[in-house]
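S.K.: Got a file for you: coords26.txt, compact mmCIF, C-alpha atoms.
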# COMPACT_ATOMS: atom_id res chain seq x y z
CA MET A 24 56.48 -33.51 96.35
CA ARG A 25 52.90 -33.31 97.55
CA ARG A 26 51.28 -36.71 98.03
CA VAL A 27 47.86 -37.65 99.40
CA ASN A 28 46.76 -41.28 99.80
CA PRO A 29 43.38 -42.27 98.34
CA ASP A 30 41.50 -42.61 101.62
CA GLU A 31 43.49 -39.97 103.47
CA ARG A 32 41.82 -36.72 104.37
CA ALA A 33 44.63 -34.24 103.98
CA LYS A 34 44.62 -30.71 105.28
CA ILE A 35 44.20 -28.31 102.36
CA ALA A 36 44.96 -24.63 102.93
CA PHE A 37 44.73 -21.65 100.58
CA TRP A 38 43.70 -18.00 100.45
CA LEU A 39 39.98 -17.41 99.89
CA ASN A 40 39.12 -13.80 99.07
CA GLY A 41 42.24 -12.70 100.89
CA ARG A 42 41.56 -14.77 104.01
CA ARG A 43 43.54 -17.85 105.03
CA VAL A 44 41.27 -20.92 105.05
CA SER A 45 41.81 -24.63 105.54
CA GLY A 46 39.91 -27.88 105.81
CA GLU A 47 40.21 -31.58 105.20
CA ALA A 48 39.69 -33.20 101.81
CA GLU A 49 40.24 -36.51 100.05
CA PRO A 50 42.26 -36.30 96.82
CA ARG A 51 39.10 -36.67 94.71
CA MET A 52 37.23 -33.79 96.34
CA LEU A 53 36.54 -30.95 93.92
CA LEU A 54 37.26 -27.32 94.72
CA THR A 55 33.55 -26.48 94.37
CA ASP A 56 32.55 -29.11 96.93
CA PHE A 57 35.38 -28.01 99.22
CA LEU A 58 34.22 -24.38 99.04
CA ARG A 59 30.56 -25.22 99.62
CA HIS A 60 30.59 -28.20 101.99
CA VAL A 61 33.85 -27.83 103.92
CA LEU A 62 34.22 -24.04 104.06
CA GLY A 63 30.51 -23.15 103.83
CA ALA A 64 31.16 -20.64 101.03
CA THR A 65 28.02 -21.30 99.01
CA GLY A 66 28.26 -18.31 96.68
CA THR A 67 29.93 -20.49 94.06
CA HIS A 68 27.23 -22.55 92.36
CA VAL A 69 27.44 -26.06 90.98
CA GLY A 70 25.42 -26.56 87.80
CA CYS A 71 26.30 -29.29 85.34
CA GLU A 72 29.45 -30.46 87.17
CA HIS A 73 30.97 -31.40 83.82
CA GLY A 74 32.73 -28.19 82.87
CA ILE A 75 30.02 -27.09 80.45
CA CYS A 76 27.72 -24.56 82.16
CA GLY A 77 30.26 -22.19 83.76
CA SER A 78 28.25 -21.67 86.99
CA CYS A 79 31.21 -22.78 89.11
CA THR A 80 33.72 -20.29 87.64
CA VAL A 81 36.11 -18.89 90.24
CA LEU A 82 39.42 -17.06 89.97
CA ILE A 83 42.56 -18.97 90.86
CA ASP A 84 45.54 -16.64 91.16
CA GLY A 85 43.36 -14.05 89.42
CA VAL A 86 42.48 -16.21 86.41
CA ALA A 87 38.94 -17.49 85.66
CA GLN A 88 38.75 -21.27 85.89
CA ARG A 89 36.11 -23.94 86.39
CA GLY A 90 35.91 -24.85 90.06
CA CYS A 91 34.19 -28.13 89.16
CA LEU A 92 37.18 -29.21 87.04
CA THR A 93 39.68 -28.39 89.78
CA LEU A 94 40.58 -30.68 92.65
CA ALA A 95 40.69 -29.01 96.06
CA ALA A 96 44.28 -30.28 96.31
CA GLN A 97 45.15 -28.31 93.19
CA ALA A 98 44.15 -25.05 94.87
CA GLU A 99 46.62 -25.55 97.72
CA GLU A 100 48.52 -22.37 98.60
CA ARG A 101 46.84 -20.50 95.74
CA ALA A 102 44.63 -17.40 95.88
CA VAL A 103 40.99 -18.32 95.20
CA THR A 104 38.53 -15.50 94.54
CA THR A 105 34.77 -16.10 94.56
CA VAL A 106 31.59 -14.08 94.11
CA GLU A 107 31.53 -13.36 97.86
CA SER A 108 34.40 -10.93 97.30
CA LEU A 109 32.56 -8.60 94.91
CA ALA A 110 30.26 -6.58 97.17
CA GLY A 111 31.73 -4.19 99.71
CA ALA A 112 31.89 -4.98 103.42
CA ASP A 113 28.66 -2.97 103.85
CA GLY A 114 26.93 -5.13 101.23
CA ALA A 115 27.07 -2.44 98.53
CA LEU A 116 27.10 -4.02 95.07
CA ASN A 117 30.05 -3.31 92.79
CA ALA A 118 29.66 -1.79 89.31
CA LEU A 119 29.22 -5.15 87.59
CA GLN A 120 26.62 -6.37 90.08
CA THR A 121 24.78 -3.03 89.91
CA ALA A 122 24.57 -3.31 86.12
CA PHE A 123 23.17 -6.84 86.45
CA GLN A 124 20.50 -5.60 88.84
CA LYS A 125 19.59 -2.63 86.62
CA HIS A 126 19.24 -4.68 83.43
CA HIS A 127 17.47 -7.67 85.00
CA ALA A 128 20.41 -9.83 83.97
CA LEU A 129 19.26 -12.67 86.20
CA GLN A 130 16.08 -14.47 87.14
CA CYS A 131 16.86 -17.57 89.19
CA GLY A 132 20.45 -16.42 89.73
CA PHE A 133 21.97 -19.85 89.38
CA CYS A 134 24.42 -18.99 86.58
CA THR A 135 25.13 -15.48 87.87
CA PRO A 136 28.15 -16.07 90.18
CA GLY A 137 30.05 -17.80 87.39
CA ILE A 138 29.33 -15.05 84.86
CA LEU A 139 30.30 -12.34 87.36
CA MET A 140 33.62 -14.08 88.07
CA SER A 141 34.44 -14.69 84.39
CA PHE A 142 33.93 -11.00 83.64
CA THR A 143 35.75 -9.88 86.78
CA ASP A 144 38.80 -11.53 85.21
CA TYR A 145 38.01 -10.46 81.65
CA PHE A 146 37.26 -6.79 82.35
CA ALA A 147 40.40 -6.49 84.49
CA ARG A 148 42.38 -7.19 81.31
CA ASN A 149 39.95 -5.70 78.74
CA PRO A 150 38.23 -2.67 80.27
CA ASN A 151 36.70 -1.45 76.99
CA ALA A 152 35.43 -4.68 75.45
CA SER A 153 33.15 -4.72 72.41
CA GLU A 154 29.78 -6.44 72.48
CA ALA A 155 31.21 -9.15 70.19
CA ASP A 156 34.09 -9.76 72.63
CA ILE A 157 31.62 -9.90 75.51
CA ARG A 158 29.41 -12.41 73.68
CA ALA A 159 32.44 -14.60 72.93
CA VAL A 160 33.37 -14.77 76.63
CA LEU A 161 29.72 -15.26 77.64
CA GLY A 162 29.77 -18.32 75.36
CA GLY A 163 31.38 -20.19 78.26
CA HIS A 164 28.20 -19.83 80.34
CA LEU A 165 24.71 -21.26 80.14
CA CYS A 166 21.68 -19.29 81.36
CA ARG A 167 18.29 -20.95 81.01
CA CYS A 168 16.19 -17.99 82.22
CA THR A 169 17.06 -14.74 80.56
CA GLY A 170 17.75 -15.43 76.91
CA TYR A 171 21.02 -13.54 77.53
CA ALA A 172 19.73 -10.14 76.30
CA GLY A 173 19.75 -8.55 79.76
CA ILE A 174 23.11 -10.11 80.60
CA VAL A 175 24.69 -8.67 77.44
CA GLU A 176 23.17 -5.23 78.15
CA ALA A 177 24.52 -5.30 81.70
CA LEU A 178 27.98 -6.38 80.58
CA VAL A 179 28.13 -3.77 77.81
CA GLU A 180 27.13 -1.05 80.26
CA ALA A 181 29.64 -2.27 82.85
CA SER A 182 32.34 -2.29 80.21
CA ARG A 183 31.52 1.30 79.15
CA SER A 184 31.55 2.49 82.75
CA GLY A 185 35.34 2.46 82.53
CA ASN A 186 36.00 0.57 85.73
CA PRO A 187 33.70 -2.46 85.49
CA ALA A 188 35.66 -4.81 87.70
CA ALA A 189 35.83 -2.34 90.59
CA MET B 20 34.86 -40.22 90.93
CA TYR B 21 36.74 -43.29 92.11
CA GLU B 22 39.46 -42.93 94.72
CA PHE B 23 43.02 -42.29 93.67
CA GLU B 24 46.31 -41.27 95.24
CA TYR B 25 47.27 -37.69 94.40
CA HIS B 26 50.85 -36.67 93.58
CA ARG B 27 52.19 -33.25 92.72
CA PRO B 28 55.87 -33.88 91.95
CA ALA B 29 58.38 -31.06 91.58
CA ASN B 30 60.37 -32.55 88.70
CA LEU B 31 60.25 -35.14 85.92
CA ASP B 32 62.48 -37.64 87.77
CA GLU B 33 59.82 -37.99 90.44
CA VAL B 34 57.15 -38.44 87.77
CA GLY B 35 59.22 -41.22 86.21
CA ARG B 36 59.60 -42.98 89.57
CA ILE B 37 55.85 -42.99 90.21
CA LEU B 38 55.04 -44.13 86.66
CA GLY B 39 57.60 -46.92 87.01
CA ALA B 40 56.10 -48.14 90.28
CA ARG B 41 52.39 -47.72 89.57
CA GLU B 42 51.06 -49.30 86.40
CA GLU B 43 47.60 -47.71 86.64
CA ALA B 44 48.85 -44.16 87.25
CA LYS B 45 47.53 -41.33 85.08
CA ILE B 46 49.08 -37.94 84.36
CA VAL B 47 46.96 -34.79 84.62
CA ALA B 48 48.07 -31.67 82.77
CA GLY B 49 45.24 -29.11 82.49
CA GLY B 50 42.63 -31.75 83.26
CA MET B 51 40.05 -30.32 80.85
CA THR B 52 39.32 -33.81 79.50
CA LEU B 53 40.66 -36.09 82.23
CA ILE B 54 38.74 -34.59 85.18
CA PRO B 55 35.33 -34.94 83.40
CA THR B 56 36.35 -38.47 82.39
CA LEU B 57 37.12 -39.33 86.02
CA LYS B 58 33.81 -37.83 87.15
CA GLN B 59 31.91 -40.07 84.77
CA ARG B 60 33.88 -43.02 86.13
CA LEU B 61 35.14 -43.79 82.64
CA ALA B 62 38.66 -44.04 84.04
CA HIS B 63 39.89 -45.52 87.30
CA PRO B 64 43.55 -44.64 87.79
CA SER B 65 45.29 -45.79 90.98
CA ASP B 66 47.30 -42.57 91.05
CA LEU B 67 46.90 -39.10 89.60
CA ILE B 68 50.19 -37.34 88.85
CA ASP B 69 49.67 -33.57 88.58
CA LEU B 70 52.34 -31.91 86.40
CA GLY B 71 51.25 -28.44 87.57
CA ALA B 72 54.30 -27.80 89.79
CA ILE B 73 56.97 -28.65 87.19
CA SER B 74 58.04 -25.23 85.97
CA SER B 75 60.52 -26.61 83.42
CA LEU B 76 57.55 -27.81 81.34
CA ARG B 77 56.22 -24.27 80.84
CA GLY B 78 57.29 -21.49 78.54
CA ILE B 79 57.75 -20.49 74.92
CA ARG B 80 61.13 -19.88 73.27
CA GLU B 81 62.67 -19.41 69.83
CA GLU B 82 65.37 -21.83 68.71
CA GLY B 83 66.67 -20.57 65.36
CA ASP B 84 63.86 -20.91 62.83
CA ARG B 85 61.68 -22.90 65.24
CA ILE B 86 59.37 -22.09 68.12
CA VAL B 87 59.45 -24.48 71.07
CA ILE B 88 56.46 -24.57 73.42
CA GLY B 89 56.68 -26.37 76.77
CA ALA B 90 54.10 -29.13 77.27
CA MET B 91 52.40 -27.46 80.26
CA THR B 92 52.05 -24.10 78.49
CA ARG B 93 48.40 -23.08 78.61
CA HIS B 94 46.37 -22.17 75.52
CA VAL B 95 46.01 -18.58 76.76
CA GLU B 96 49.81 -18.25 76.95
CA VAL B 97 50.22 -19.41 73.34
CA GLU B 98 47.42 -17.05 72.27
CA ARG B 99 49.10 -14.03 73.90
CA SER B 100 52.75 -14.92 73.22
CA ALA B 101 54.58 -12.23 71.24
CA ILE B 102 56.96 -14.93 69.94
CA VAL B 103 54.10 -17.03 68.55
CA GLN B 104 52.13 -14.02 67.27
CA ARG B 105 55.21 -12.90 65.34
CA GLY B 106 56.53 -16.28 64.17
CA ILE B 107 53.39 -18.38 63.60
CA PRO B 108 50.37 -16.07 63.97
CA ALA B 109 48.04 -18.86 62.80
CA LEU B 110 49.06 -20.90 65.86
CA ALA B 111 48.34 -18.02 68.24
CA ALA B 112 44.94 -17.54 66.59
CA LEU B 113 44.17 -21.27 66.83
CA ALA B 114 44.98 -21.25 70.56
CA GLY B 115 42.68 -18.26 71.03
CA HIS B 116 39.69 -20.16 69.67
CA ILE B 117 39.95 -23.37 71.69
CA GLY B 118 36.87 -23.83 73.89
CA ASP B 119 36.08 -20.82 76.07
CA PRO B 120 38.32 -18.60 78.26
CA ALA B 121 38.10 -20.89 81.30
CA VAL B 122 39.28 -23.83 79.17
CA ARG B 123 42.09 -21.78 77.61
CA ASN B 124 43.18 -20.67 81.08
CA ARG B 125 43.76 -24.30 82.14
CA GLY B 126 44.16 -26.50 79.06
CA THR B 127 47.71 -27.23 77.88
CA ILE B 128 49.28 -27.96 74.51
CA GLY B 129 50.92 -31.15 75.80
CA GLY B 130 47.66 -32.42 77.26
CA SER B 131 45.76 -31.70 74.06
CA ILE B 132 48.30 -33.49 71.89
CA ALA B 133 48.71 -36.48 74.22
CA ASN B 134 44.92 -36.90 74.35
CA ASN B 135 44.61 -36.62 70.53
CA ASP B 136 40.88 -35.95 70.59
CA PRO B 137 39.53 -36.36 67.04
CA ALA B 138 38.04 -32.84 67.20
CA ALA B 139 40.89 -31.03 69.00
CA ASP B 140 42.56 -28.09 67.25
CA TYR B 141 46.25 -28.50 68.14
CA PRO B 142 46.81 -31.83 66.33
CA ALA B 143 45.97 -30.09 63.02
CA ALA B 144 48.62 -27.44 63.71
CA VAL B 145 51.30 -29.95 64.73
CA LEU B 146 50.66 -32.11 61.66
CA ALA B 147 50.32 -29.29 59.09
CA LEU B 148 53.35 -27.42 60.38
CA GLY B 149 55.40 -30.63 60.47
CA GLY B 150 56.17 -30.06 64.13
CA SER B 151 57.86 -32.55 66.40
CA VAL B 152 56.94 -33.78 69.84
CA LYS B 153 59.76 -33.83 72.40
CA THR B 154 59.36 -36.40 75.15
CA THR B 155 61.31 -37.68 78.13
CA LYS B 156 62.71 -40.39 75.81
CA ARG B 157 62.98 -39.04 72.26
CA GLU B 158 61.68 -36.60 69.64
CA ILE B 159 58.78 -37.85 67.51
CA ALA B 160 57.83 -36.30 64.16
CA ALA B 161 54.19 -35.26 63.77
CA ASP B 162 53.33 -37.79 61.04
CA PRO B 163 54.09 -40.93 63.08
CA PHE B 164 52.92 -39.32 66.36
CA PHE B 165 49.15 -39.25 65.76
CA THR B 166 48.27 -42.92 65.29
CA GLY B 167 44.47 -43.10 65.76
CA MET B 168 41.44 -41.99 67.75
CA PHE B 169 42.77 -40.87 71.17
CA GLU B 170 45.93 -42.84 70.28
CA THR B 171 49.49 -41.61 69.88
CA ALA B 172 52.98 -43.10 69.53
CA LEU B 173 53.70 -42.34 73.21
CA ASP B 174 54.75 -45.22 75.47
CA PRO B 175 52.74 -45.52 78.70
CA SER B 176 55.68 -44.16 80.73
CA GLU B 177 56.69 -41.43 78.26
CA ILE B 178 55.86 -37.77 78.94
CA ILE B 179 55.67 -34.94 76.42
CA THR B 180 58.06 -32.18 77.48
CA ALA B 181 57.64 -29.73 74.57
CA VAL B 182 56.38 -29.29 71.02
CA SER B 183 58.69 -27.78 68.39
CA PHE B 184 57.29 -25.97 65.35
CA PRO B 185 59.17 -24.78 62.25
CA LYS B 186 58.13 -21.27 61.19
CA PRO B 187 56.24 -21.39 57.87
CA GLN B 188 56.20 -18.72 55.14
CA ALA B 189 52.46 -18.53 55.67
CA ALA B 190 49.83 -20.51 57.52
CA ALA B 191 46.18 -20.33 58.47
CA TYR B 192 43.64 -22.40 60.38
CA GLN B 193 39.93 -22.33 59.68
CA LYS B 194 37.39 -24.34 61.61
CA PHE B 195 33.68 -24.82 61.60
CA PRO B 196 33.10 -25.06 65.35
CA ASN B 197 30.33 -26.74 67.22
CA PRO B 198 28.69 -23.57 68.59
CA ALA B 199 28.37 -25.00 72.11
CA SER B 200 31.70 -26.73 72.69
CA ARG B 201 33.81 -24.93 70.04
CA TYR B 202 35.29 -28.29 69.14
CA ALA B 203 35.93 -28.53 65.38
CA ILE B 204 33.19 -30.20 63.34
CA ALA B 205 35.78 -29.75 60.61
CA GLY B 206 39.01 -27.77 60.88
CA VAL B 207 41.76 -27.35 58.29
CA PHE B 208 45.28 -26.06 58.92
CA VAL B 209 47.27 -25.07 55.82
CA ALA B 210 51.01 -24.33 56.08
CA ARG B 211 53.21 -23.11 53.25
CA PHE B 212 56.98 -23.72 53.32
CA PRO B 213 59.60 -22.91 50.64
CA ASN B 214 59.61 -26.54 49.42
CA ALA B 215 56.22 -27.86 50.42
CA VAL B 216 52.65 -27.17 51.37
CA ARG B 217 51.05 -29.24 54.13
CA VAL B 218 47.31 -29.55 54.78
CA ALA B 219 45.92 -31.22 57.92
CA VAL B 220 42.29 -31.87 58.80
CA THR B 221 40.83 -32.29 62.30
CA GLY B 222 37.28 -32.93 63.50
CA ALA B 223 36.20 -34.80 60.38
CA ALA B 224 37.60 -38.29 60.96
CA PRO B 225 38.63 -40.47 63.93
CA CYS B 226 42.15 -39.00 63.76
CA VAL B 227 43.80 -35.90 62.29
CA PHE B 228 44.95 -36.57 58.70
CA ARG B 229 46.74 -34.92 55.77
CA VAL B 230 45.30 -34.38 52.27
CA PRO B 231 48.11 -35.18 49.79
CA GLU B 232 45.99 -34.24 46.75
CA MET B 233 45.44 -30.72 48.10
CA GLU B 234 49.10 -30.42 49.09
CA ALA B 235 50.20 -31.34 45.54
CA ALA B 236 47.74 -28.92 43.93
CA LEU B 237 48.73 -26.09 46.29
CA SER B 238 52.43 -26.77 45.65
CA ARG B 239 51.78 -26.14 41.95
CA SER B 240 49.55 -23.12 42.50
CA PHE B 241 48.93 -21.69 45.97
CA SER B 242 45.38 -20.46 45.54
CA ALA B 243 41.91 -21.42 46.75
CA ASP B 244 40.99 -22.04 43.11
CA ALA B 245 43.64 -24.74 42.80
CA ILE B 246 41.76 -27.02 45.22
CA LYS B 247 38.17 -26.13 44.37
CA ASP B 248 37.53 -29.37 42.47
CA ILE B 249 39.19 -31.70 44.98
CA LYS B 250 36.57 -33.85 46.69
CA ILE B 251 37.21 -35.45 50.06
CA PRO B 252 35.81 -39.00 50.09
CA GLU B 253 33.08 -39.50 52.72
CA GLY B 254 34.31 -43.01 53.52
CA GLY B 255 36.04 -43.04 56.92
CA LEU B 256 34.67 -39.65 58.00
CA ASN B 257 32.61 -39.28 61.18
CA THR B 258 28.84 -39.19 61.35
CA ASP B 259 27.30 -38.05 64.64
CA ILE B 260 24.52 -35.83 65.99
CA HIS B 261 26.43 -32.73 64.87
CA ALA B 262 27.06 -33.57 61.21
CA SER B 263 26.98 -36.39 58.66
CA ALA B 264 30.07 -37.69 56.88
CA GLU B 265 28.76 -36.12 53.66
CA TYR B 266 28.46 -32.71 55.31
CA ARG B 267 31.89 -33.01 56.91
CA ALA B 268 33.44 -33.91 53.53
CA HIS B 269 31.92 -30.73 52.10
CA LEU B 270 33.07 -28.64 55.09
CA VAL B 271 36.67 -29.82 54.71
CA GLY B 272 36.73 -28.39 51.17
CA VAL B 273 35.21 -25.10 52.31
CA MET B 274 37.52 -24.73 55.32
CA ALA B 275 40.58 -25.64 53.20
CA ARG B 276 39.76 -22.95 50.63
CA ARG B 277 39.16 -20.38 53.37
CA ALA B 278 42.46 -21.32 55.03
CA VAL B 279 44.38 -20.92 51.75
CA ALA B 280 42.70 -17.56 51.16
CA ALA B 281 43.54 -16.50 54.74
CA CYS B 282 47.24 -17.21 54.09
CA GLY B 283 47.16 -14.06 51.93
Can I see the file as structure tokens?
M.R.:
Amino acid sequence: MRRVNPDERAKIAFWLNGRRVSGEAEPRMLLTDFLRHVLGATGTHVGCEHGICGSCTVLIDGVAQRGCLTLAAQAEERAVTTVESLAGADGALNALQTAFQKHHALQCGFCTPGILMSFTDYFARNPNASEADIRAVLGGHLCRCTGYAGIVEALVEASRSGNPAA
Amino acid sequence: MYEFEYHRPANLDEVGRILGAREEAKIVAGGMTLIPTLKQRLAHPSDLIDLGAISSLRGIREEGDRIVIGAMTRHVEVERSAIVQRGIPALAALAGHIGDPAVRNRGTIGGSIANNDPAADYPAAVLALGGSVKTTKREIAADPFFTGMFETALDPSEIITAVSFPKPQAAAYQKFPNPASRYAIAGVFVARFPNAVRVAVTGAAPCVFRVPEMEAALSRSFSADAIKDIKIPEGGLNTDIHASAEYRAHLVGVMARRAVAACG
């Protein structure tokens, strides 16, 4: 059984974008804060911090989840995938990111990492999604800049490209 | 968030030992309600017991004419389960409309039922289908299980292990969701069995409830027309920023008729 005392800073280790990472965290530290403050992986954004806005969405064992509703301790020995994994090593954007750029699907960019990660999971399972399906999944995210039109256009195009999550 | 001690036990015996020793311990299943509650400092447990590593609490199986769903089974697993889609398609559809994908990927049926949120979807299914809640101590029928707002018949040291549902002849769930949260402003689950029809309402009142008048009318004639003149009294229904009690009373009638029609 895993046990961490309240004031103890336990060593937490998991796989981040395929790389072994570790750091110290109290039991109450959230995965988002662990990623950003302990590991320095600031691609994952923290918006409302109450599980509403979806900015903090990451994949845990390949499944989209709210990083701000996950304790760092709960990610132990799991595979965490964040927005930093999407572009190639040379910085080349993937198909989903390229579609976002083309359709001006972001202004301030705050909500973008969460949306990209939600659809990385969704398109991996549903490569030819309808616009209605896309809008239903997008319902888990708040964007206060774009009015969503550009985001939907980008997601529809990415879906039609056949290999959107690549 | 206040400080707490974190435990991730491997089996239910260990959970029982911690619960026995620590009066202020709390169990976390999917955490979709508890973690936000902790963040707002509305709860201050001494210990958090994470059920995530107990594999015996997960999974969906058929037992004769019933479907048994482990307490830690996530909404997405119920939504996609071939057993549930075949045996109780209305339950699979209900699971597929809880919150958003990130919630469905984490939230569990046991957590939802133990929390008994007035606007949660699962309590309507458990009550309308006449399901039963299996715990570490006993099996509790749906009717006595849901006792009030965020209240259930569970003892403080009792843990839900599974929920068992009888397969109905037909069933359907219709909800009028809050467009932001997808919580039910009013949701009605109708289940038809050879000897009975059961109707359960969520979202409208402090606790899920049945509508005996609709059940009687539908037992005589299973059609949307049979309940069109039945009025739900506003007294006891919720009024909040989303809807008045009067509007909710109206919605219950509309959702009930749609659910009956959807039973086909």
S.K.: Check every residue of chain B for an atom within 6 Å of chain A, counting only C-alpha atoms, and provide those that qualify as a short mmCIF file (atom, residue, chain, number, x, y, z; two decimals) with C-alpha atoms, in the frame of the given file.
M.R.:
data_model
loop_
_atom_site.label_atom_id
_atom_site.label_comp_id
_atom_site.auth_asym_id
_atom_site.auth_seq_id
_atom_site.Cartn_x
_atom_site.Cartn_y
_atom_site.Cartn_z
CA GLU B 22 39.46 -42.93 94.72
CA PHE B 23 43.02 -42.29 93.67
CA GLU B 24 46.31 -41.27 95.24
CA TYR B 25 47.27 -37.69 94.40
CA HIS B 26 50.85 -36.67 93.58
CA ARG B 27 52.19 -33.25 92.72
CA PRO B 28 55.87 -33.88 91.95
CA ALA B 29 58.38 -31.06 91.58
CA ILE B 54 38.74 -34.59 85.18
CA PRO B 55 35.33 -34.94 83.40
CA ASP B 119 36.08 -20.82 76.07
CA ALA B 121 38.10 -20.89 81.30
#
S.K.: As AutoDock Vina command-line options, please: the centre and edge lengths in Å, to one decimal, of an axis-aligned box enclosing every listed atom of stretch 145-161 of chain A with 8 Å added on each side.
M.R.:
--center_x 35.9 --center_y -8.4 --center_z 77.3 --size_x 29.0 --size_y 29.8 --size_z 30.3
S.K.: Could you jot down the atom CA of B:Leu146 to atom CA of B:Arg85 separation for me, Å, one decimal place?
M.R.: 14.8 Å
S.K.: Work out how far apart atom CA of B:Ala245 and atom CA of B:Ala210 are and give it in Å to one decimal.
M.R.: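 Separation between atom CA of B:Ala245 and atom CA of B:Ala210: 15.2 Å.
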S.K.: Set the distance at 9 Å and use all atoms listed in the file: which residues neighbour stretch 56-59 of chain A once local chain neighbours fewer than 4 positions away are removed? I'd like the list as a list of chain:residue names.
M.R.: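 Once the adjacent positions are removed, what remains is A:Gly46, A:Glu47, A:Ala48, A:Met52, A:Gly63, A:Ala64, A:Thr65, A:Gly66, A:Thr67, A:His68, A:Val69, A:Gly90, A:Cys91, A:Leu94, A:Ala95.
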S.K.: If you keep C-alpha atoms, can you produce a file of those selected residues as a CSV table (one decimal), in the coordinates of the input?
M.R.:
chain,number,residue,atom,x,y,z
A,46,GLY,CA,39.9,-27.9,105.8
A,47,GLU,CA,40.2,-31.6,105.2
A,48,ALA,CA,39.7,-33.2,101.8
A,52,MET,CA,37.2,-33.8,96.3
A,63,GLY,CA,30.5,-23.2,103.8
A,64,ALA,CA,31.2,-20.6,101.0
A,65,THR,CA,28.0,-21.3,99.0
A,66,GLY,CA,28.3,-18.3,96.7
A,67,THR,CA,29.9,-20.5,94.1
A,68,HIS,CA,27.2,-22.6,92.4
A,69,VAL,CA,27.4,-26.1,91.0
A,90,GLY,CA,35.9,-24.8,90.1
A,91,CYS,CA,34.2,-28.1,89.2
A,94,LEU,CA,40.6,-30.7,92.6
A,95,ALA,CA,40.7,-29.0,96.1
S.K.: When you draw a straight line from atom CA of B:Pro196 to atom CA of B:Met274, how long is it in Å?
M.R.: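 Atom CA of B:Pro196 sits 11.0 Å away from atom CA of B:Met274.
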S.K.: I'd like the contact shell of A:Glu100 - 10 Å cut-off, all atoms listed in the file, skipping same-chain residues fewer than 4 positions apart - returned as a PyMOL selection string.
M.R.: chain A and resi 35-39+43-45+84+96
S.K.: For the residues in the current selection, export C-alpha atoms as an mmCIF file, in the frame of the given file.
M.R.:
data_model
loop_
_atom_site.group_PDB
_atom_site.id
_atom_site.type_symbol
_atom_site.label_atom_id
_atom_site.label_comp_id
_atom_site.auth_asym_id
_atom_site.auth_seq_id
_atom_site.Cartn_x
_atom_site.Cartn_y
_atom_site.Cartn_z
ATOM 1 C CA ILE A 35 44.200 -28.310 102.360
ATOM 2 C CA ALA A 36 44.960 -24.630 102.930
ATOM 3 C CA PHE A 37 44.730 -21.650 100.580
ATOM 4 C CA TRP A 38 43.700 -18.000 100.450
ATOM 5 C CA LEU A 39 39.980 -17.410 99.890
ATOM 6 C CA ARG A 43 43.540 -17.850 105.030
ATOM 7 C CA VAL A 44 41.270 -20.920 105.050
ATOM 8 C CA SER A 45 41.810 -24.630 105.540
ATOM 9 C CA ASP A 84 45.540 -16.640 91.160
ATOM 10 C CA ALA A 96 44.280 -30.280 96.310
#
S.K.: Quick one: residues within 9 Å of (49.1, -19.6, 55.1) (file frame), counting all atoms listed in the file, please, as a CSV table (one decimal) with C-alpha atoms, keeping the file's coordinate frame.
M.R.:
chain,number,residue,atom,x,y,z
B,109,ALA,CA,48.0,-18.9,62.8
B,187,PRO,CA,56.2,-21.4,57.9
B,188,GLN,CA,56.2,-18.7,55.1
B,189,ALA,CA,52.5,-18.5,55.7
B,190,ALA,CA,49.8,-20.5,57.5
B,191,ALA,CA,46.2,-20.3,58.5
B,192,TYR,CA,43.6,-22.4,60.4
B,208,PHE,CA,45.3,-26.1,58.9
B,209,VAL,CA,47.3,-25.1,55.8
B,210,ALA,CA,51.0,-24.3,56.1
B,211,ARG,CA,53.2,-23.1,53.2
B,278,ALA,CA,42.5,-21.3,55.0
B,279,VAL,CA,44.4,-20.9,51.8
B,280,ALA,CA,42.7,-17.6,51.2
B,281,ALA,CA,43.5,-16.5,54.7
B,282,CYS,CA,47.2,-17.2,54.1
B,283,GLY,CA,47.2,-14.1,51.9
S.K.: Skipping near chain neighbours, those fewer than 6 positions away, what residues fall within 8 Å of B:Arg125 using only C-alpha atoms, listed as a list in words?
M.R.: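 Residues near the query, excluding close chain neighbours: Gln88 of chain A; Gly49, Gly50, Met51, Arg93 and His94 of chain B.
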S.K.: Measuring atom to atom with only C-alpha atoms, identify which of B:His63, B:Arg239, B:Arg229, B:Arg123 is nearest to B:Thr92.
M.R.: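 Answer, going by the shortest atom-to-atom distance: B:Arg123.
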